[in-house]
$ cat my_file21.cif   # mmCIF, C-alpha atoms; chains and numbers go by the auth columns
data_final
loop_
_atom_site.group_PDB
_atom_site.id
_atom_site.type_symbol
_atom_site.label_atom_id
_atom_site.label_comp_id
_atom_site.label_asym_id
_atom_site.label_seq_id
_atom_site.Cartn_x
_atom_site.Cartn_y
_atom_site.Cartn_z
_atom_site.B_iso_or_equiv
_atom_site.auth_seq_id
_atom_site.auth_asym_id
ATOM 1 C CA MET A 1 -14.896 -81.055 -124.584 0.00 550 A
ATOM 2 C CA ALA A 2 -17.778 -81.774 -126.903 0.00 551 A
ATOM 3 C CA LYS A 3 -18.492 -78.063 -127.139 0.00 552 A
ATOM 4 C CA LYS A 4 -14.899 -77.394 -128.121 0.00 553 A
ATOM 5 C CA VAL A 5 -15.086 -79.942 -130.926 0.00 554 A
ATOM 6 C CA GLU A 6 -18.273 -78.340 -132.176 0.00 555 A
ATOM 7 C CA LEU A 7 -16.671 -74.908 -132.158 0.00 556 A
ATOM 8 C CA ILE A 8 -13.716 -76.167 -134.158 0.00 557 A
ATOM 9 C CA GLU A 9 -16.054 -77.782 -136.663 0.00 558 A
ATOM 10 C CA GLU A 10 -17.988 -74.528 -137.013 0.00 559 A
ATOM 11 C CA ASP A 11 -14.775 -72.638 -137.667 0.00 560 A
ATOM 12 C CA GLN A 12 -13.772 -75.108 -140.332 0.00 561 A
ATOM 13 C CA GLN A 13 -17.129 -74.746 -142.008 0.00 562 A
ATOM 14 C CA LEU A 14 -16.762 -70.987 -142.151 0.00 563 A
ATOM 15 C CA GLU A 15 -13.324 -71.035 -143.714 0.00 564 A
ATOM 16 C CA ASN A 16 -13.702 -70.955 -147.465 0.00 565 A
ATOM 17 C CA ARG A 17 -10.824 -71.668 -149.783 0.00 566 A
ATOM 18 C CA VAL A 18 -10.067 -70.452 -153.296 0.00 567 A
ATOM 19 C CA TYR A 19 -9.961 -73.075 -156.040 0.00 568 A
ATOM 20 C CA GLU A 20 -9.521 -72.957 -159.768 0.00 569 A
ATOM 21 C CA LEU A 21 -11.093 -75.357 -162.198 0.00 570 A
ATOM 22 C CA GLY A 22 -9.494 -75.584 -165.632 0.00 571 A
ATOM 23 C CA PHE A 23 -11.313 -77.818 -168.074 0.00 572 A
ATOM 24 C CA HIS A 24 -11.539 -79.067 -171.634 0.00 573 A
ATOM 25 C CA PHE A 25 -14.909 -79.685 -173.244 0.00 574 A
ATOM 26 C CA VAL A 26 -14.948 -82.147 -176.135 0.00 575 A
ATOM 27 C CA SER A 27 -14.737 -80.405 -179.508 0.00 576 A
ATOM 28 C CA THR A 28 -17.668 -82.398 -180.904 0.00 577 A
ATOM 29 C CA ILE A 29 -20.246 -80.171 -179.213 0.00 578 A
ATOM 30 C CA VAL A 30 -21.667 -77.289 -181.229 0.00 579 A
ATOM 31 C CA GLU A 31 -20.153 -73.863 -180.573 0.00 580 A
ATOM 32 C CA ASP A 32 -23.486 -72.401 -179.422 0.00 581 A
ATOM 33 C CA GLU A 33 -23.801 -75.246 -176.955 0.00 582 A
ATOM 34 C CA VAL A 34 -20.495 -74.370 -175.243 0.00 583 A
ATOM 35 C CA ALA A 35 -21.901 -71.410 -173.312 0.00 584 A
ATOM 36 C CA VAL A 36 -24.875 -73.505 -172.187 0.00 585 A
ATOM 37 C CA GLN A 37 -22.652 -76.327 -170.956 0.00 586 A
ATOM 38 C CA PHE A 38 -20.409 -73.804 -169.218 0.00 587 A
ATOM 39 C CA SER A 39 -23.368 -72.391 -167.300 0.00 588 A
ATOM 40 C CA HIS A 40 -24.410 -75.954 -166.386 0.00 589 A
ATOM 41 C CA LEU A 41 -20.931 -76.568 -165.013 0.00 590 A
ATOM 42 C CA LYS A 42 -21.045 -73.324 -163.047 0.00 591 A
ATOM 43 C CA SER A 43 -24.425 -74.253 -161.597 0.00 592 A
ATOM 44 C CA LEU A 44 -22.803 -77.406 -160.136 0.00 593 A
ATOM 45 C CA ILE A 45 -20.350 -75.188 -158.248 0.00 594 A
ATOM 46 C CA GLU A 46 -23.038 -72.701 -157.275 0.00 595 A
ATOM 47 C CA LYS A 47 -25.255 -75.454 -155.846 0.00 596 A
ATOM 48 C CA ARG A 48 -22.519 -76.375 -153.379 0.00 597 A
ATOM 49 C CA GLY A 49 -22.177 -72.801 -152.227 0.00 598 A
ATOM 50 C CA GLY A 50 -19.323 -71.699 -154.468 0.00 599 A
ATOM 51 C CA GLN A 51 -18.776 -67.984 -155.036 0.00 600 A
ATOM 52 C CA PHE A 52 -17.200 -67.055 -158.354 0.00 601 A
ATOM 53 C CA ILE A 53 -14.128 -64.834 -158.431 0.00 602 A
ATOM 54 C CA ALA A 54 -13.051 -64.953 -162.063 0.00 603 A
ATOM 55 C CA GLU A 55 -13.717 -67.006 -165.163 0.00 604 A
ATOM 56 C CA GLU A 56 -12.977 -67.388 -168.832 0.00 605 A
ATOM 57 C CA MET A 57 -15.423 -68.717 -171.374 0.00 606 A
ATOM 58 C CA PRO A 58 -14.304 -71.947 -173.084 0.00 607 A
ATOM 59 C CA LYS A 59 -12.442 -71.179 -176.288 0.00 608 A
ATOM 60 C CA PHE A 60 -11.604 -73.486 -179.170 0.00 609 A
ATOM 61 C CA LYS A 61 -8.023 -74.652 -178.793 0.00 610 A
ATOM 62 C CA ASN A 62 -5.564 -77.024 -180.423 0.00 611 A
ATOM 63 C CA LEU A 63 -4.204 -79.523 -177.923 0.00 612 A
ATOM 64 C CA ALA A 64 -0.496 -80.197 -177.528 0.00 613 A
ATOM 65 C CA TYR A 65 -1.141 -83.947 -177.815 0.00 614 A
ATOM 66 C CA PRO A 66 -4.222 -86.121 -178.464 0.00 615 A
ATOM 67 C CA ILE A 67 -6.431 -86.852 -175.453 0.00 616 A
ATOM 68 C CA SER A 68 -8.697 -89.892 -175.574 0.00 617 A
ATOM 69 C CA LYS A 69 -12.083 -90.210 -173.947 0.00 618 A
ATOM 70 C CA THR A 70 -13.946 -93.452 -173.472 0.00 619 A
ATOM 71 C CA VAL A 71 -17.712 -93.410 -173.256 0.00 620 A
ATOM 72 C CA LYS A 72 -18.982 -96.947 -172.574 0.00 621 A
ATOM 73 C CA ALA A 73 -17.354 -98.983 -175.362 0.00 622 A
ATOM 74 C CA ASP A 74 -16.639 -96.028 -177.598 0.00 623 A
ATOM 75 C CA ARG A 75 -13.140 -94.531 -177.441 0.00 624 A
ATOM 76 C CA LYS A 76 -12.337 -91.306 -179.267 0.00 625 A
ATOM 77 C CA ASN A 77 -9.170 -89.269 -179.665 0.00 626 A
ATOM 78 C CA TYR A 78 -9.412 -85.509 -179.546 0.00 627 A
ATOM 79 C CA LEU A 79 -6.835 -83.097 -180.945 0.00 628 A
ATOM 80 C CA THR A 80 -8.959 -80.014 -180.302 0.00 629 A
ATOM 81 C CA SER A 81 -11.134 -78.864 -177.432 0.00 630 A
ATOM 82 C CA TYR A 82 -12.858 -75.917 -175.790 0.00 631 A
ATOM 83 C CA PHE A 83 -10.639 -74.792 -172.945 0.00 632 A
ATOM 84 C CA GLY A 84 -11.975 -72.574 -170.168 0.00 633 A
ATOM 85 C CA TRP A 85 -11.451 -71.958 -166.478 0.00 634 A
ATOM 86 C CA VAL A 86 -13.307 -70.672 -163.465 0.00 635 A
ATOM 87 C CA LYS A 87 -11.944 -69.464 -160.134 0.00 636 A
ATOM 88 C CA PHE A 88 -14.206 -69.751 -157.114 0.00 637 A
ATOM 89 C CA GLU A 89 -14.343 -69.753 -153.341 0.00 638 A
ATOM 90 C CA ILE A 90 -15.908 -72.767 -151.652 0.00 639 A
ATOM 91 C CA ASN A 91 -15.938 -74.743 -148.426 0.00 640 A
ATOM 92 C CA PRO A 92 -13.152 -77.363 -148.592 0.00 641 A
ATOM 93 C CA GLU A 93 -15.596 -80.056 -147.444 0.00 642 A
ATOM 94 C CA GLU A 94 -17.607 -79.616 -150.633 0.00 643 A
ATOM 95 C CA ILE A 95 -14.678 -80.097 -152.971 0.00 644 A
ATOM 96 C CA VAL A 96 -14.551 -83.922 -153.020 0.00 645 A
ATOM 97 C CA PRO A 97 -18.226 -84.434 -153.934 0.00 646 A
ATOM 98 C CA LEU A 98 -17.939 -81.534 -156.384 0.00 647 A
ATOM 99 C CA GLU A 99 -14.973 -83.184 -158.072 0.00 648 A
ATOM 100 C CA LYS A 100 -17.019 -86.367 -158.556 0.00 649 A
ATOM 101 C CA GLU A 101 -19.826 -84.368 -160.151 0.00 650 A
ATOM 102 C CA ILE A 102 -17.406 -82.600 -162.477 0.00 651 A
ATOM 103 C CA LYS A 103 -15.879 -85.942 -163.467 0.00 652 A
ATOM 104 C CA ALA A 104 -19.309 -87.267 -164.439 0.00 653 A
ATOM 105 C CA PHE A 105 -20.183 -84.084 -166.353 0.00 654 A
ATOM 106 C CA GLY A 106 -21.138 -84.986 -169.936 0.00 655 A
ATOM 107 C CA PRO A 107 -18.913 -82.992 -172.325 0.00 656 A
ATOM 108 C CA MET A 108 -15.901 -82.977 -169.988 0.00 657 A
ATOM 109 C CA LEU A 109 -12.721 -84.189 -171.685 0.00 658 A
ATOM 110 C CA ARG A 110 -10.228 -83.397 -168.947 0.00 659 A
ATOM 111 C CA PHE A 111 -10.129 -81.090 -165.950 0.00 660 A
ATOM 112 C CA LEU A 112 -7.738 -79.815 -163.304 0.00 661 A
ATOM 113 C CA LEU A 113 -8.933 -78.633 -159.903 0.00 662 A
ATOM 114 C CA ILE A 114 -6.265 -76.759 -157.961 0.00 663 A
ATOM 115 C CA LYS A 115 -5.928 -74.621 -154.850 0.00 664 A
ATOM 116 C CA THR A 116 -4.975 -71.067 -155.732 0.00 665 A
ATOM 117 C CA VAL A 117 -5.076 -67.472 -154.484 0.00 666 A
ATOM 118 C CA LYS A 118 -7.683 -64.767 -154.899 0.00 667 A
ATOM 119 C CA GLU A 119 -5.384 -62.420 -156.806 0.00 668 A
ATOM 120 C CA ASN A 120 -5.042 -62.622 -160.559 0.00 669 A
ATOM 121 C CA THR A 121 -2.200 -65.034 -161.286 0.00 670 A
ATOM 122 C CA PHE A 122 -2.647 -65.089 -165.065 0.00 671 A
ATOM 123 C CA LEU A 123 -0.406 -62.384 -166.455 0.00 672 A
ATOM 124 C CA GLY A 124 -0.950 -63.314 -170.102 0.00 673 A
ATOM 125 C CA ALA A 125 0.350 -60.633 -172.416 0.00 674 A
ATOM 126 C CA VAL A 126 1.356 -58.474 -169.463 0.00 675 A
ATOM 127 C CA ALA A 127 4.493 -60.545 -169.019 0.00 676 A
ATOM 128 C CA GLU A 128 5.539 -59.522 -172.509 0.00 677 A
ATOM 129 C CA ILE A 129 5.596 -55.792 -171.734 0.00 678 A
ATOM 130 C CA LYS A 130 7.684 -56.314 -168.599 0.00 679 A
ATOM 131 C CA ALA A 131 10.651 -54.697 -170.362 0.00 680 A
ATOM 132 C CA ASP A 132 8.760 -51.394 -170.586 0.00 681 A
ATOM 133 C CA SER A 133 8.048 -51.106 -166.889 0.00 682 A
ATOM 134 C CA SER A 134 7.997 -53.728 -164.207 0.00 683 A
ATOM 135 C CA SER A 135 5.907 -51.528 -161.890 0.00 684 A
ATOM 136 C CA LYS A 136 2.841 -51.953 -164.139 0.00 685 A
ATOM 137 C CA ILE A 137 2.958 -55.711 -163.750 0.00 686 A
ATOM 138 C CA VAL A 138 3.091 -55.366 -160.000 0.00 687 A
ATOM 139 C CA LYS A 139 -0.014 -53.217 -160.020 0.00 688 A
ATOM 140 C CA ILE A 140 -1.980 -55.654 -162.140 0.00 689 A
ATOM 141 C CA ALA A 141 -0.799 -58.675 -160.220 0.00 690 A
ATOM 142 C CA ASP A 142 -1.766 -57.141 -156.883 0.00 691 A
ATOM 143 C CA GLU A 143 -5.158 -55.924 -158.006 0.00 692 A
ATOM 144 C CA PRO A 144 -8.083 -58.003 -156.789 0.00 693 A
ATOM 145 C CA VAL A 145 -9.539 -60.127 -159.565 0.00 694 A
ATOM 146 C CA GLU A 146 -13.075 -58.902 -158.945 0.00 695 A
ATOM 147 C CA ASP A 147 -12.257 -55.666 -160.723 0.00 696 A
ATOM 148 C CA ILE A 148 -10.893 -57.445 -163.753 0.00 697 A
ATOM 149 C CA THR A 149 -13.445 -59.297 -165.839 0.00 698 A
ATOM 150 C CA THR A 150 -10.938 -60.702 -168.315 0.00 699 A
ATOM 151 C CA GLU A 151 -7.187 -60.515 -168.540 0.00 700 A
ATOM 152 C CA ASP A 152 -7.584 -58.658 -171.845 0.00 701 A
ATOM 153 C CA ASP A 153 -8.990 -55.767 -169.837 0.00 702 A
ATOM 154 C CA ALA A 154 -6.078 -56.000 -167.472 0.00 703 A
ATOM 155 C CA THR A 155 -3.618 -55.524 -170.285 0.00 704 A
ATOM 156 C CA GLU A 156 -5.576 -52.762 -171.934 0.00 705 A
ATOM 157 C CA VAL A 157 -6.098 -50.604 -168.885 0.00 706 A
ATOM 158 C CA PRO A 158 -2.488 -49.530 -168.361 0.00 707 A
ATOM 159 C CA ALA A 159 -1.987 -49.015 -172.108 0.00 708 A
ATOM 160 C CA GLU A 160 -4.988 -46.680 -172.313 0.00 709 A
ATOM 161 C CA ASP A 161 -3.797 -44.791 -169.264 0.00 710 A
ATOM 162 C CA ALA A 162 -0.381 -44.375 -170.808 0.00 711 A
ATOM 163 C CA VAL A 163 -1.879 -43.059 -174.065 0.00 712 A
ATOM 164 C CA ALA A 164 -4.104 -40.683 -172.131 0.00 713 A
ATOM 165 C CA ASP A 165 -1.079 -39.415 -170.200 0.00 714 A
ATOM 166 C CA VAL A 166 0.891 -38.827 -173.385 0.00 715 A
ATOM 167 C CA VAL A 167 -1.983 -36.971 -175.013 0.00 716 A
ATOM 168 C CA SER A 168 -2.569 -34.769 -171.994 0.00 717 A
ATOM 169 C CA SER A 169 1.133 -33.955 -171.636 0.00 718 A
ATOM 170 C CA ASP A 170 1.334 -33.073 -175.357 0.00 719 A
ATOM 171 C CA ASP A 171 -1.579 -30.716 -174.951 0.00 720 A
ATOM 172 C CA ALA A 172 0.077 -29.121 -171.982 0.00 721 A
ATOM 173 C CA VAL A 173 3.313 -28.617 -173.933 0.00 722 A
ATOM 174 C CA SER A 174 1.505 -27.051 -176.878 0.00 723 A
ATOM 175 C CA GLU A 175 -0.328 -24.726 -174.529 0.00 724 A
ATOM 176 C CA ILE A 176 2.918 -23.609 -172.974 0.00 725 A
ATOM 177 C CA VAL A 177 4.404 -22.982 -176.429 0.00 726 A
ATOM 178 C CA ASP A 178 1.336 -20.974 -177.422 0.00 727 A
ATOM 179 C CA THR A 179 1.513 -18.768 -174.355 0.00 728 A
ATOM 180 C CA GLU A 180 5.225 -18.176 -174.945 0.00 729 A
ATOM 181 C CA LYS A 181 4.526 -17.131 -178.551 0.00 730 A
ATOM 182 C CA VAL A 182 1.854 -14.770 -177.356 0.00 731 A
ATOM 183 C CA ALA A 183 4.250 -13.348 -174.801 0.00 732 A
ATOM 184 C CA ASP A 184 6.946 -12.895 -177.498 0.00 733 A
ATOM 185 C CA ILE A 185 4.504 -11.140 -179.808 0.00 734 A
ATOM 186 C CA ALA A 186 3.402 -8.909 -176.981 0.00 735 A
ATOM 187 C CA THR A 187 6.977 -7.840 -176.190 0.00 736 A
ATOM 188 C CA GLU A 188 7.672 -7.075 -179.869 0.00 737 A
ATOM 189 C CA MET B 1 28.576 -63.362 -163.412 0.00 869 B
ATOM 190 C CA THR B 2 25.538 -62.278 -161.438 0.00 870 B
ATOM 191 C CA LYS B 3 22.370 -64.328 -161.751 0.00 871 B
ATOM 192 C CA HIS B 4 18.950 -62.735 -162.141 0.00 872 B
ATOM 193 C CA CYS B 5 15.739 -64.453 -161.193 0.00 873 B
ATOM 194 C CA TYR B 6 13.085 -63.542 -163.780 0.00 874 B
ATOM 195 C CA PHE B 7 10.273 -63.966 -161.262 0.00 875 B
ATOM 196 C CA SER B 8 11.688 -61.866 -158.441 0.00 876 B
ATOM 197 C CA GLN B 9 12.767 -59.171 -160.903 0.00 877 B
ATOM 198 C CA ASN B 10 9.241 -58.887 -162.293 0.00 878 B
ATOM 199 C CA ASN B 11 7.636 -59.397 -158.891 0.00 879 B
ATOM 200 C CA ILE B 12 5.731 -62.507 -160.013 0.00 880 B
ATOM 201 C CA LYS B 13 4.587 -64.310 -156.883 0.00 881 B
ATOM 202 C CA HIS B 14 2.447 -67.002 -158.468 0.00 882 B
ATOM 203 C CA VAL B 15 3.177 -68.917 -161.655 0.00 883 B
ATOM 204 C CA ASP B 16 0.012 -69.795 -163.555 0.00 884 B
ATOM 205 C CA TYR B 17 -0.107 -72.962 -165.648 0.00 885 B
ATOM 206 C CA LYS B 18 -2.196 -71.160 -168.290 0.00 886 B
ATOM 207 C CA ASP B 19 0.625 -68.682 -168.932 0.00 887 B
ATOM 208 C CA THR B 20 2.110 -70.537 -171.897 0.00 888 B
ATOM 209 C CA GLU B 21 4.160 -67.640 -173.222 0.00 889 B
ATOM 210 C CA LEU B 22 5.821 -67.246 -169.852 0.00 890 B
ATOM 211 C CA LEU B 23 6.417 -70.985 -169.360 0.00 891 B
ATOM 212 C CA LYS B 24 7.855 -71.433 -172.861 0.00 892 B
ATOM 213 C CA LYS B 25 10.730 -69.116 -171.958 0.00 893 B
ATOM 214 C CA PHE B 26 11.988 -71.767 -169.574 0.00 894 B
ATOM 215 C CA LEU B 27 11.696 -74.764 -171.917 0.00 895 B
ATOM 216 C CA ASN B 28 14.221 -76.066 -174.411 0.00 896 B
ATOM 217 C CA PRO B 29 13.234 -77.026 -178.008 0.00 897 B
ATOM 218 C CA HIS B 30 12.356 -80.526 -176.771 0.00 898 B
ATOM 219 C CA ALA B 31 9.915 -78.923 -174.321 0.00 899 B
ATOM 220 C CA ARG B 32 12.002 -79.998 -171.349 0.00 900 B
ATOM 221 C CA LEU B 33 12.402 -77.646 -168.420 0.00 901 B
ATOM 222 C CA LEU B 34 15.671 -75.699 -168.439 0.00 902 B
ATOM 223 C CA SER B 35 17.946 -75.990 -165.440 0.00 903 B
ATOM 224 C CA ARG B 36 18.398 -73.231 -162.909 0.00 904 B
ATOM 225 C CA LYS B 37 22.002 -73.037 -164.002 0.00 905 B
ATOM 226 C CA LYS B 38 20.867 -71.791 -167.408 0.00 906 B
ATOM 227 C CA THR B 39 17.962 -69.560 -166.390 0.00 907 B
ATOM 228 C CA GLY B 40 19.169 -68.157 -163.069 0.00 908 B
ATOM 229 C CA VAL B 41 15.739 -68.649 -161.518 0.00 909 B
ATOM 230 C CA SER B 42 15.704 -68.840 -157.712 0.00 910 B
ATOM 231 C CA ALA B 43 15.080 -72.217 -156.096 0.00 911 B
ATOM 232 C CA LYS B 44 11.718 -71.134 -154.736 0.00 912 B
ATOM 233 C CA SER B 45 10.522 -69.878 -158.115 0.00 913 B
ATOM 234 C CA GLN B 46 11.929 -72.891 -159.933 0.00 914 B
ATOM 235 C CA ARG B 47 9.734 -75.178 -157.821 0.00 915 B
ATOM 236 C CA LYS B 48 6.673 -73.082 -158.655 0.00 916 B
ATOM 237 C CA LEU B 49 7.683 -73.040 -162.310 0.00 917 B
ATOM 238 C CA ALA B 50 8.138 -76.817 -162.420 0.00 918 B
ATOM 239 C CA LEU B 51 4.692 -77.339 -160.897 0.00 919 B
ATOM 240 C CA ALA B 52 3.114 -74.950 -163.404 0.00 920 B
ATOM 241 C CA VAL B 53 4.826 -76.687 -166.332 0.00 921 B
ATOM 242 C CA LYS B 54 3.630 -80.089 -165.108 0.00 922 B
ATOM 243 C CA ARG B 55 0.084 -78.811 -164.772 0.00 923 B
ATOM 244 C CA ALA B 56 0.241 -77.284 -168.249 0.00 924 B
ATOM 245 C CA ARG B 57 1.474 -80.603 -169.654 0.00 925 B
ATOM 246 C CA PHE B 58 -1.399 -82.486 -168.044 0.00 926 B
ATOM 247 C CA MET B 59 -3.867 -80.022 -169.507 0.00 927 B
ATOM 248 C CA ALA B 60 -2.306 -80.431 -172.984 0.00 928 B
ATOM 249 C CA ILE B 61 -1.416 -76.721 -173.033 0.00 929 B
ATOM 250 C CA LEU B 62 2.267 -77.679 -173.308 0.00 930 B
ATOM 251 C CA PRO B 63 3.577 -80.920 -174.804 0.00 931 B
ATOM 252 C CA PHE B 64 5.347 -83.564 -172.748 0.00 932 B
ATOM 253 C CA ILE B 65 7.852 -83.930 -175.583 0.00 933 B
ATOM 254 C CA ALA B 66 8.272 -81.934 -178.764 0.00 934 B
ATOM 255 C CA GLN B 67 10.215 -82.967 -181.837 0.00 935 B
#

$ encode --input "my_file21.cif" --output "structure tokens"
Amino acid sequence: MAKKVELIEEDQQLENRVYELGFHFVSTIVEDEVAVQFSHLKSLIEKRGGQFIAEEMPKFKNLAYPISKTVKADRKNYLTSYFGWVKFEINPEEIVPLEKEIKAFGPMLRFLLIKTVKENTFLGAVAEIKADSSSKIVKIADEPVEDITTEDDATEVPAEDAVADVVSSDDAVSEIVDTEKVADIATE
Amino acid sequence: MTKHCYFSQNNIKHVDYKDTELLKKFLNPHARLLSRKKTGVSAKSQRKLALAVKRARFMAILPFIAQ
């Protein structure tokens, strides 16, 4: 019986789960400092055995409504922040202590830690070109995130391919026309 | 009149709270979520959409109320 329990526990330890951490850093930190703080935040996840799947560097953003942060007796309202996110795989047992650490993290204004899937869920601008062809969206959505560093790349890749296709087909057409001309001249 | 679910048509399985442009399509000028009656979104997708909108509101990506 005891052995069975141990086995179950081992299985649970092996099973990692995908999480996504979205966060706002306070806008009072210097822009150069943002990358440093971001790497500090990532090191917290890494220490607990987290493996990164995708991420986006914090970017300066206007908030939809003011968020207040109280540090000791000092309360401040923020209308801007640096918003970024990181998707990672981690043991579910580590998530509660990790959440506490993130909460205590210095420049953190607000964060959201959610369960998610490994695939890229952020369509971004891709959703806008859905009218052109829905099949492209499917491809991007089903692609593993590891191949896509940022969603900008994801949107660019199909566009470049399309341009390349057009160019190559144009060339082919012109070649055909040329050969026909040559053939015509030859017959004359 | 036939109803078309935006999400099943575009094969969107997961609704991301960061996707503001997508979420805004399903909000009225007061930033309230539109009903399924108006959008034709399937029940399953509507639940996902509502969760994403609520997450986006918490993260101040979308407003709770807009004038």

$ atom_distance --input "my_file21.cif" --atom1 "CA of Glu605 in chain A" --atom2 "CA of Leu628 in chain A"
20.8 Å

$ atom_distance --input "my_file21.cif" --atom1 "CA of Ala622 in chain A" --atom2 "CA of Val579 in chain A"
22.9 Å

$ atom_distance --input "my_file21.cif" --atom1 "CA of Pro931 in chain B" --atom2 "CA of Leu672 in chain A"
20.7 Å

$ closest_atom_pairs --input "my_file21.cif" --of "chain B" --to "chain A" --cutoff "9 Å" --atoms "all atoms listed in the file" --output "Markdown table"
| residue | atom | partner | partner_atom | distance |
| --- | --- | --- | --- | --- |
| B:Gln877 | CA | A:Ser683 | CA | 8.0 |
| B:Asn878 | CA | A:Ser683 | CA | 5.6 |
| B:Asn879 | CA | A:Val687 | CA | 6.2 |
| B:Ile880 | CA | A:Ala690 | CA | 7.6 |
| B:Lys881 | CA | A:Thr670 | CA | 8.1 |
| B:His882 | CA | A:Thr670 | CA | 5.8 |
| B:Val883 | CA | A:Thr670 | CA | 6.6 |
| B:Asp884 | CA | A:Phe671 | CA | 5.6 |
| B:Tyr885 | CA | A:Phe671 | CA | 8.3 |
| B:Lys886 | CA | A:Phe671 | CA | 6.9 |
| B:Asp887 | CA | A:Gly673 | CA | 5.7 |
| B:Thr888 | CA | A:Gly673 | CA | 8.0 |
| B:Glu889 | CA | A:Gly673 | CA | 7.4 |
| B:Leu890 | CA | A:Ala676 | CA | 6.9 |
| B:Arg923 | CA | A:Leu661 | CA | 8.0 |
| B:Arg925 | CA | A:Ala613 | CA | 8.1 |
| B:Phe926 | CA | A:Leu661 | CA | 8.4 |
| B:Met927 | CA | A:Arg659 | CA | 7.2 |
| B:Ala928 | CA | A:Ala613 | CA | 4.9 |
| B:Ile929 | CA | A:Ala613 | CA | 5.8 |
| B:Leu930 | CA | A:Ala613 | CA | 5.6 |
| B:Pro931 | CA | A:Ala613 | CA | 5.0 |
| B:Phe932 | CA | A:Tyr614 | CA | 8.2 |

$ residues_near_point --input "my_file21.cif" --point "(11.9, -67.9, -163.7)" --cutoff "6 Å" --atoms "all atoms listed in the file" --output "PyMOL selection string"
chain B and resi 873-875+909

$ residues_around --input "my_file21.cif" --residues "Gly908 in chain B" --least-positions-apart "2" --cutoff "8 Å" --atoms "all atoms listed in the file" --output "count of residues only"
8

$ decode --input "my_file21.cif" --residues "range 881-885 of chain B" --atoms "all heavy atoms" --output "PDB file, in the first residue's frame"
ATOM      1  N   LYS B 881      -9.175  27.671 -31.038  1.00  0.00           N
ATOM      2  CA  LYS B 881      -9.515  26.755 -29.947  1.00  0.00           C
ATOM      3  C   LYS B 881      -9.352  27.411 -28.585  1.00  0.00           C
ATOM      4  O   LYS B 881     -10.004  27.041 -27.624  1.00  0.00           O
ATOM      5  CB  LYS B 881      -8.650  25.502 -30.038  1.00  0.00           C
ATOM      6  CG  LYS B 881      -9.074  24.575 -31.160  1.00  0.00           C
ATOM      7  CD  LYS B 881      -8.067  23.448 -31.356  1.00  0.00           C
ATOM      8  CE  LYS B 881      -8.352  22.714 -32.657  1.00  0.00           C
ATOM      9  NZ  LYS B 881      -7.210  21.909 -33.095  1.00  0.00           N
ATOM     10  N   HIS B 882      -8.417  28.334 -28.485  1.00  0.00           N
ATOM     11  CA  HIS B 882      -8.158  28.982 -27.202  1.00  0.00           C
ATOM     12  C   HIS B 882      -8.251  30.495 -27.361  1.00  0.00           C
ATOM     13  O   HIS B 882      -7.676  31.037 -28.303  1.00  0.00           O
ATOM     14  CB  HIS B 882      -6.776  28.606 -26.685  1.00  0.00           C
ATOM     15  CG  HIS B 882      -6.556  27.126 -26.635  1.00  0.00           C
ATOM     16  ND1 HIS B 882      -7.068  26.349 -25.624  1.00  0.00           N
ATOM     17  CD2 HIS B 882      -5.910  26.283 -27.487  1.00  0.00           C
ATOM     18  CE1 HIS B 882      -6.728  25.085 -25.855  1.00  0.00           C
ATOM     19  NE2 HIS B 882      -6.035  25.020 -26.977  1.00  0.00           N
ATOM     20  N   VAL B 883      -8.956  31.133 -26.459  1.00  0.00           N
ATOM     21  CA  VAL B 883      -9.083  32.592 -26.524  1.00  0.00           C
ATOM     22  C   VAL B 883      -8.105  33.184 -25.519  1.00  0.00           C
ATOM     23  O   VAL B 883      -8.162  32.870 -24.330  1.00  0.00           O
ATOM     24  CB  VAL B 883     -10.517  33.048 -26.207  1.00  0.00           C
ATOM     25  CG1 VAL B 883     -10.678  34.530 -26.495  1.00  0.00           C
ATOM     26  CG2 VAL B 883     -11.524  32.251 -27.005  1.00  0.00           C
ATOM     27  N   ASP B 884      -7.200  34.012 -26.012  1.00  0.00           N
ATOM     28  CA  ASP B 884      -6.158  34.591 -25.167  1.00  0.00           C
ATOM     29  C   ASP B 884      -6.608  35.948 -24.645  1.00  0.00           C
ATOM     30  O   ASP B 884      -7.130  36.753 -25.407  1.00  0.00           O
ATOM     31  CB  ASP B 884      -4.873  34.744 -25.985  1.00  0.00           C
ATOM     32  CG  ASP B 884      -3.660  34.897 -25.093  1.00  0.00           C
ATOM     33  OD1 ASP B 884      -3.714  35.741 -24.177  1.00  0.00           O
ATOM     34  OD2 ASP B 884      -2.669  34.178 -25.306  1.00  0.00           O
ATOM     35  N   TYR B 885      -6.362  36.203 -23.365  1.00  0.00           N
ATOM     36  CA  TYR B 885      -6.797  37.482 -22.790  1.00  0.00           C
ATOM     37  C   TYR B 885      -5.983  38.668 -23.303  1.00  0.00           C
ATOM     38  O   TYR B 885      -6.393  39.812 -23.176  1.00  0.00           O
ATOM     39  CB  TYR B 885      -6.763  37.430 -21.249  1.00  0.00           C
ATOM     40  CG  TYR B 885      -5.372  37.449 -20.640  1.00  0.00           C
ATOM     41  CD1 TYR B 885      -4.773  38.656 -20.284  1.00  0.00           C
ATOM     42  CD2 TYR B 885      -4.650  36.290 -20.414  1.00  0.00           C
ATOM     43  CE1 TYR B 885      -3.511  38.684 -19.734  1.00  0.00           C
ATOM     44  CE2 TYR B 885      -3.402  36.307 -19.859  1.00  0.00           C
ATOM     45  CZ  TYR B 885      -2.825  37.507 -19.516  1.00  0.00           C
ATOM     46  OH  TYR B 885      -1.568  37.527 -18.981  1.00  0.00           O
TER      47      TYR B 885
END
